[in-house]
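Accompanying notes for the structure given below.
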Amino acid sequence: METEEEASGPMTDEIFTNGGEDDELLTQQQQRRPIISGEQLDIEAYAALYTGRTKISRLMFIADKCDNVSMKLDALRMAYDEIKKGESSHLFREVVHKIDGRLGQNYGSDLSWMDAVDRRADQRKDKLENELNAYRTNLIKESIRMGYNDFGDFYYARGALGDAFKNYVRTRDYCTTAKHIIHMCLNAILVSIEMGQFAHVTSYVSKAEQNKADLDPITIAKLQCAAGLAHLEVRKYKHAARKFLETAPELGNNYSEVISAQDIATYGGLCALASFDRAELKAKVIDNINFRNFLELVPEVRELIHDFYSSHYASCLDYLGNLKANLLLDIHLHDHVEMLYTEIRNKALIQYTHPFVSVDLNMMASAFKTTVAGIQKELEALITDNQIQARIDSHNKILYARHADQRKATFQRVLQTGVEFDRDVRAMLLRANLIKHDYNLKASRKI
C-alpha cells in the first residue's frame, strides 16, 4: 500500500496489523480482551429485564423465531407463568396452543383459571361502566378522566389493545393540567408500541414534548426512547441513534414495560455505527459520558464501537458476528439487523481505503476475514454506488484510489471565473447604457 506522502514500505507493517499508533500495545490489549462467545441467549436473565406485556411479547417472539428447541420451550414456559399472573385469557390460549403439551400437564389448558379470569373481568367491566355513567351524569371532568383511564387499564390488561388505546385517548378531552396530558400521552405511546403503530408513537411524543415545563428527567428519557424506537422502525437510523444517545441515565429500569437500559446501549450503538461519521462517533458516542453508563451494561457493544473507531475491523466484525444470533431474537431490532450490519461493514470498508493511494486486496481480505473475490465484489458495489472513488486492478488484486486531477480542476475553476466575470461586465455595461439613455425614467412616465 502507498500513502500520498510516503512509499509503501514503512506503511505496510502498520496497515497489516490493522491499527494506528502504538501497535504493539494495542495488540497486547486485544489479546488480553476476552472475545464474547456465541453462547445462546440466557432467557431467564433476558426476561428479568422487562415487566408487563412486553415481557410476554418478547418471550413469545423468541419462541416463534428461535430454532433451538430447549430455548423455545424455556421461553414458552416463562411466558405461560407470566401470563397466569395477569388477566389475559386470550394470550393464555395462544401460549397453550404453542406449547402443545410439550411441557407436561402443569403447562396445559387451565379451564378453571380462564373461567375465573373471564368472570372477574365481566364483573370489573360492569363496575367500571356504572362508575363512568355516574361520573358523566355529575359532569365532573376529573372523575370522567379517571373513569376512561381505568377502562384503558382494564382493556390493556385483557389484551384488547385497540379498545385500550381508544379509552386512553378519550381522556384528553377531560385533562385539566399539563401533567394529565403527559400521562395520557405516555399511555397512548405504550399501547401504540405494543400494537406496532409507530406513527401514533411519534405523534404523542410530540404532544407530550409541548409541555416541557412539566416534564421530569425520567419522563423526558421515556419520550426519547419511544421516539428512538419510532425512528428505528422506519429505518431512520441516524435520528434513532441521536434519540437513544440523548437518553439520560436517570431512566434506569423505569421504562421496563417497553425497553431496558441494555437495549438503549445496543440500539443506540449499532445505529450510530451505521450512520455516524468518525467525528460524530467520537463526539456523540465515545466521549458521551451519559451514554457511557449504558454502554457499560453491554461490554460487547462498547468494545465493538471502540474497535471500529480504532480501525480494528477484524475484532469489530468478530463481536458483530457473535452478537448477531441474539439480535435476531430482539422484537424491535430483528428486521434491521441485516441492513445495520451491511451499513456498518460498508463504512468500515470505506474507512479502511480512505487514507491510501493503493490497497492490496489480499491484505484487505485478511483484515475483513473474507476471500479476495468476496472483498472485490463488495468494493465493486461501493465503487458503483459512488461511495468509494477508486478503480480495481483485477489481475494484480490492487485497489487504486481515483484522486481528482488538481491541474485540470484549477483550469476549470479559472475558466468558470472568466465566464462569470464576462457575464458581470456585460450586465454592468447594459445597466450603464440604460441609465445613459434615460430608459427607466421614460418607462415610468408611460406608466
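Chain lettering (A, B, ...) mirrors the order of the C-alpha cells, residue numbering begins at 1 for each chain separately, and ligand numbering begins at 1 in order of display.
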
### Query
What residues in segment 26-274 of chain A get the DSSP label helix (DSSP H, G or I)? Please answer as a ChimeraX atom specification.
/A:26-32,43-47,52-65,69-83,89-99,105-107,111-138,141-158,161-174,178-195,198-209,212-214,217-233,237-246,249-251,261-274

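Rounded to one decimal, atom CA of Val234 of chain A and atom CA of Leu340 of chain A lie 12.9 Å from each other.
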
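For the choices A:Lys236, A:Ala160, A:Leu76, A:Lys85, the atom-to-atom distance to Asp100 of chain A is smallest for A:Leu76 when using only C-alpha atoms.
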
With a distance cut-off of 12 Å and only C-alpha atoms, select the neighbouring residues of Leu190 of chain A, excluding the residue or stretch itself and same-chain residues fewer than 4 positions from it, and output the selection as a PDB file with N, CA and C atoms, in the first residue's frame.
```
ATOM      1  N   GLY A  52     -44.433  -6.566  32.647  1.00  0.00           N
ATOM      2  CA  GLY A  52     -45.695  -6.355  31.944  1.00  0.00           C
ATOM      3  C   GLY A  52     -45.817  -7.105  30.637  1.00  0.00           C
ATOM      4  N   ARG A  53     -46.589  -6.519  29.746  1.00  0.00           N
ATOM      5  CA  ARG A  53     -46.926  -7.182  28.496  1.00  0.00           C
ATOM      6  C   ARG A  53     -45.724  -7.361  27.576  1.00  0.00           C
ATOM      7  N   THR A  54     -44.773  -6.411  27.602  1.00  0.00           N
ATOM      8  CA  THR A  54     -43.619  -6.538  26.712  1.00  0.00           C
ATOM      9  C   THR A  54     -42.773  -7.753  27.065  1.00  0.00           C
ATOM     10  N   GLY A 152     -59.152   2.092  30.113  1.00  0.00           N
ATOM     11  CA  GLY A 152     -57.957   1.811  29.320  1.00  0.00           C
ATOM     12  C   GLY A 152     -57.078   0.768  29.988  1.00  0.00           C
ATOM     13  N   ASP A 153     -56.869   0.918  31.311  1.00  0.00           N
ATOM     14  CA  ASP A 153     -56.067  -0.062  32.059  1.00  0.00           C
ATOM     15  C   ASP A 153     -56.707  -1.443  32.002  1.00  0.00           C
ATOM     16  N   TYR A 156     -56.244  -2.914  28.515  1.00  0.00           N
ATOM     17  CA  TYR A 156     -54.825  -3.232  28.297  1.00  0.00           C
ATOM     18  C   TYR A 156     -54.468  -4.545  28.992  1.00  0.00           C
ATOM     19  N   LEU A 161     -55.958  -4.236  22.911  1.00  0.00           N
ATOM     20  CA  LEU A 161     -55.145  -3.030  22.780  1.00  0.00           C
ATOM     21  C   LEU A 161     -55.862  -1.902  22.048  1.00  0.00           C
ATOM     22  N   GLY A 162     -56.660  -2.246  21.045  1.00  0.00           N
ATOM     23  CA  GLY A 162     -57.403  -1.214  20.307  1.00  0.00           C
ATOM     24  C   GLY A 162     -58.361  -0.465  21.211  1.00  0.00           C
ATOM     25  N   ALA A 164     -58.164  -0.297  24.480  1.00  0.00           N
ATOM     26  CA  ALA A 164     -57.359   0.416  25.476  1.00  0.00           C
ATOM     27  C   ALA A 164     -56.900   1.762  24.912  1.00  0.00           C
ATOM     28  N   PHE A 165     -56.432   1.754  23.671  1.00  0.00           N
ATOM     29  CA  PHE A 165     -55.959   2.995  23.047  1.00  0.00           C
ATOM     30  C   PHE A 165     -57.095   4.021  22.944  1.00  0.00           C
ATOM     31  N   TYR A 168     -57.796   5.512  26.431  1.00  0.00           N
ATOM     32  CA  TYR A 168     -56.735   6.415  26.877  1.00  0.00           C
ATOM     33  C   TYR A 168     -56.826   7.751  26.145  1.00  0.00           C
ATOM     34  N   VAL A 169     -57.086   7.699  24.846  1.00  0.00           N
ATOM     35  CA  VAL A 169     -57.149   8.937  24.054  1.00  0.00           C
ATOM     36  C   VAL A 169     -58.372   9.777  24.443  1.00  0.00           C
ATOM     37  N   HIS A 183     -49.530  12.242  31.013  1.00  0.00           N
ATOM     38  CA  HIS A 183     -49.914  10.882  31.422  1.00  0.00           C
ATOM     39  C   HIS A 183     -50.699  10.190  30.323  1.00  0.00           C
ATOM     40  N   MET A 184     -51.626  10.931  29.692  1.00  0.00           N
ATOM     41  CA  MET A 184     -52.400  10.381  28.573  1.00  0.00           C
ATOM     42  C   MET A 184     -51.478   9.996  27.418  1.00  0.00           C
ATOM     43  N   CYS A 185     -50.504  10.865  27.109  1.00  0.00           N
ATOM     44  CA  CYS A 185     -49.574  10.599  26.002  1.00  0.00           C
ATOM     45  C   CYS A 185     -48.736   9.353  26.276  1.00  0.00           C
ATOM     46  N   LEU A 186     -48.249   9.210  27.502  1.00  0.00           N
ATOM     47  CA  LEU A 186     -47.439   8.033  27.849  1.00  0.00           C
ATOM     48  C   LEU A 186     -48.238   6.744  27.719  1.00  0.00           C
ATOM     49  N   GLU A 194     -46.965  -1.430  21.580  1.00  0.00           N
ATOM     50  CA  GLU A 194     -47.415  -2.831  21.624  1.00  0.00           C
ATOM     51  C   GLU A 194     -48.135  -3.222  20.338  1.00  0.00           C
ATOM     52  N   MET A 195     -48.898  -2.279  19.772  1.00  0.00           N
ATOM     53  CA  MET A 195     -49.646  -2.568  18.535  1.00  0.00           C
ATOM     54  C   MET A 195     -48.773  -2.430  17.290  1.00  0.00           C
ATOM     55  N   GLY A 196     -47.578  -1.835  17.445  1.00  0.00           N
ATOM     56  CA  GLY A 196     -46.723  -1.600  16.282  1.00  0.00           C
ATOM     57  C   GLY A 196     -47.141  -0.395  15.469  1.00  0.00           C
ATOM     58  N   GLN A 197     -47.948   0.498  16.077  1.00  0.00           N
ATOM     59  CA  GLN A 197     -48.411   1.701  15.385  1.00  0.00           C
ATOM     60  C   GLN A 197     -47.465   2.864  15.713  1.00  0.00           C
ATOM     61  N   PHE A 198     -46.314   2.896  15.053  1.00  0.00           N
ATOM     62  CA  PHE A 198     -45.285   3.854  15.440  1.00  0.00           C
ATOM     63  C   PHE A 198     -45.556   5.268  14.939  1.00  0.00           C
ATOM     64  N   HIS A 200     -48.409   6.696  15.525  1.00  0.00           N
ATOM     65  CA  HIS A 200     -49.055   7.229  16.731  1.00  0.00           C
ATOM     66  C   HIS A 200     -48.011   7.570  17.789  1.00  0.00           C
ATOM     67  N   VAL A 201     -46.977   6.749  17.885  1.00  0.00           N
ATOM     68  CA  VAL A 201     -45.913   7.000  18.873  1.00  0.00           C
ATOM     69  C   VAL A 201     -45.281   8.363  18.625  1.00  0.00           C
ATOM     70  N   THR A 202     -44.901   8.628  17.374  1.00  0.00           N
ATOM     71  CA  THR A 202     -44.289   9.911  17.022  1.00  0.00           C
ATOM     72  C   THR A 202     -45.216  11.076  17.349  1.00  0.00           C
ATOM     73  N   TYR A 204     -47.740  11.263  19.575  1.00  0.00           N
ATOM     74  CA  TYR A 204     -47.962  11.509  21.009  1.00  0.00           C
ATOM     75  C   TYR A 204     -46.683  11.914  21.731  1.00  0.00           C
ATOM     76  N   VAL A 205     -45.536  11.540  21.216  1.00  0.00           N
ATOM     77  CA  VAL A 205     -44.276  12.065  21.766  1.00  0.00           C
ATOM     78  C   VAL A 205     -44.222  13.575  21.551  1.00  0.00           C
ATOM     79  N   LYS A 222     -38.040   8.689  28.818  1.00  0.00           N
ATOM     80  CA  LYS A 222     -39.030   7.759  28.248  1.00  0.00           C
ATOM     81  C   LYS A 222     -39.458   8.213  26.848  1.00  0.00           C
ATOM     82  N   LEU A 223     -39.699   9.511  26.697  1.00  0.00           N
ATOM     83  CA  LEU A 223     -40.123  10.040  25.399  1.00  0.00           C
ATOM     84  C   LEU A 223     -39.016   9.883  24.356  1.00  0.00           C
ATOM     85  N   CYS A 225     -36.707   7.533  24.317  1.00  0.00           N
ATOM     86  CA  CYS A 225     -36.668   6.107  23.955  1.00  0.00           C
ATOM     87  C   CYS A 225     -37.785   5.761  22.976  1.00  0.00           C
ATOM     88  N   ALA A 226     -38.996   6.257  23.262  1.00  0.00           N
ATOM     89  CA  ALA A 226     -40.131   5.977  22.380  1.00  0.00           C
ATOM     90  C   ALA A 226     -39.898   6.558  20.987  1.00  0.00           C
ATOM     91  N   ALA A 227     -39.373   7.794  20.939  1.00  0.00           N
ATOM     92  CA  ALA A 227     -39.076   8.416  19.643  1.00  0.00           C
ATOM     93  C   ALA A 227     -37.977   7.641  18.915  1.00  0.00           C
ATOM     94  N   LEU A 229     -37.376   4.412  19.117  1.00  0.00           N
ATOM     95  CA  LEU A 229     -37.992   3.193  18.566  1.00  0.00           C
ATOM     96  C   LEU A 229     -38.791   3.506  17.302  1.00  0.00           C
ATOM     97  N   ALA A 230     -39.492   4.647  17.317  1.00  0.00           N
ATOM     98  CA  ALA A 230     -40.279   5.037  16.136  1.00  0.00           C
ATOM     99  C   ALA A 230     -39.368   5.301  14.942  1.00  0.00           C
ATOM    100  N   TYR A 255     -38.484   2.194  32.684  1.00  0.00           N
ATOM    101  CA  TYR A 255     -39.308   2.002  31.475  1.00  0.00           C
ATOM    102  C   TYR A 255     -39.238   0.545  31.035  1.00  0.00           C
ATOM    103  N   SER A 256     -39.154  -0.354  32.020  1.00  0.00           N
ATOM    104  CA  SER A 256     -39.003  -1.780  31.712  1.00  0.00           C
ATOM    105  C   SER A 256     -40.234  -2.377  31.047  1.00  0.00           C
ATOM    106  N   GLU A 257     -41.360  -1.646  31.071  1.00  0.00           N
ATOM    107  CA  GLU A 257     -42.543  -2.124  30.349  1.00  0.00           C
ATOM    108  C   GLU A 257     -42.409  -1.926  28.846  1.00  0.00           C
ATOM    109  N   VAL A 258     -41.344  -1.240  28.418  1.00  0.00           N
ATOM    110  CA  VAL A 258     -41.102  -1.016  26.991  1.00  0.00           C
ATOM    111  C   VAL A 258     -39.692  -1.436  26.583  1.00  0.00           C
ATOM    112  N   ILE A 259     -38.678  -0.962  27.311  1.00  0.00           N
ATOM    113  CA  ILE A 259     -37.292  -1.128  26.875  1.00  0.00           C
ATOM    114  C   ILE A 259     -36.377  -1.207  28.099  1.00  0.00           C
TER     115      ILE A 259
END
```

### Task
Enter the distance from atom CA of Lys243 of chain A to atom CA of Gly228 of chain A, in Å, rounded to one decimal.
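One can read the atom CA of Lys243 of chain A to atom CA of Gly228 of chain A distance as 5.1 Å.
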
### Point-to-point distance in Å for atom CA of Ser358 of chain A and atom CA of Thr410 of chain A
24.4 Å
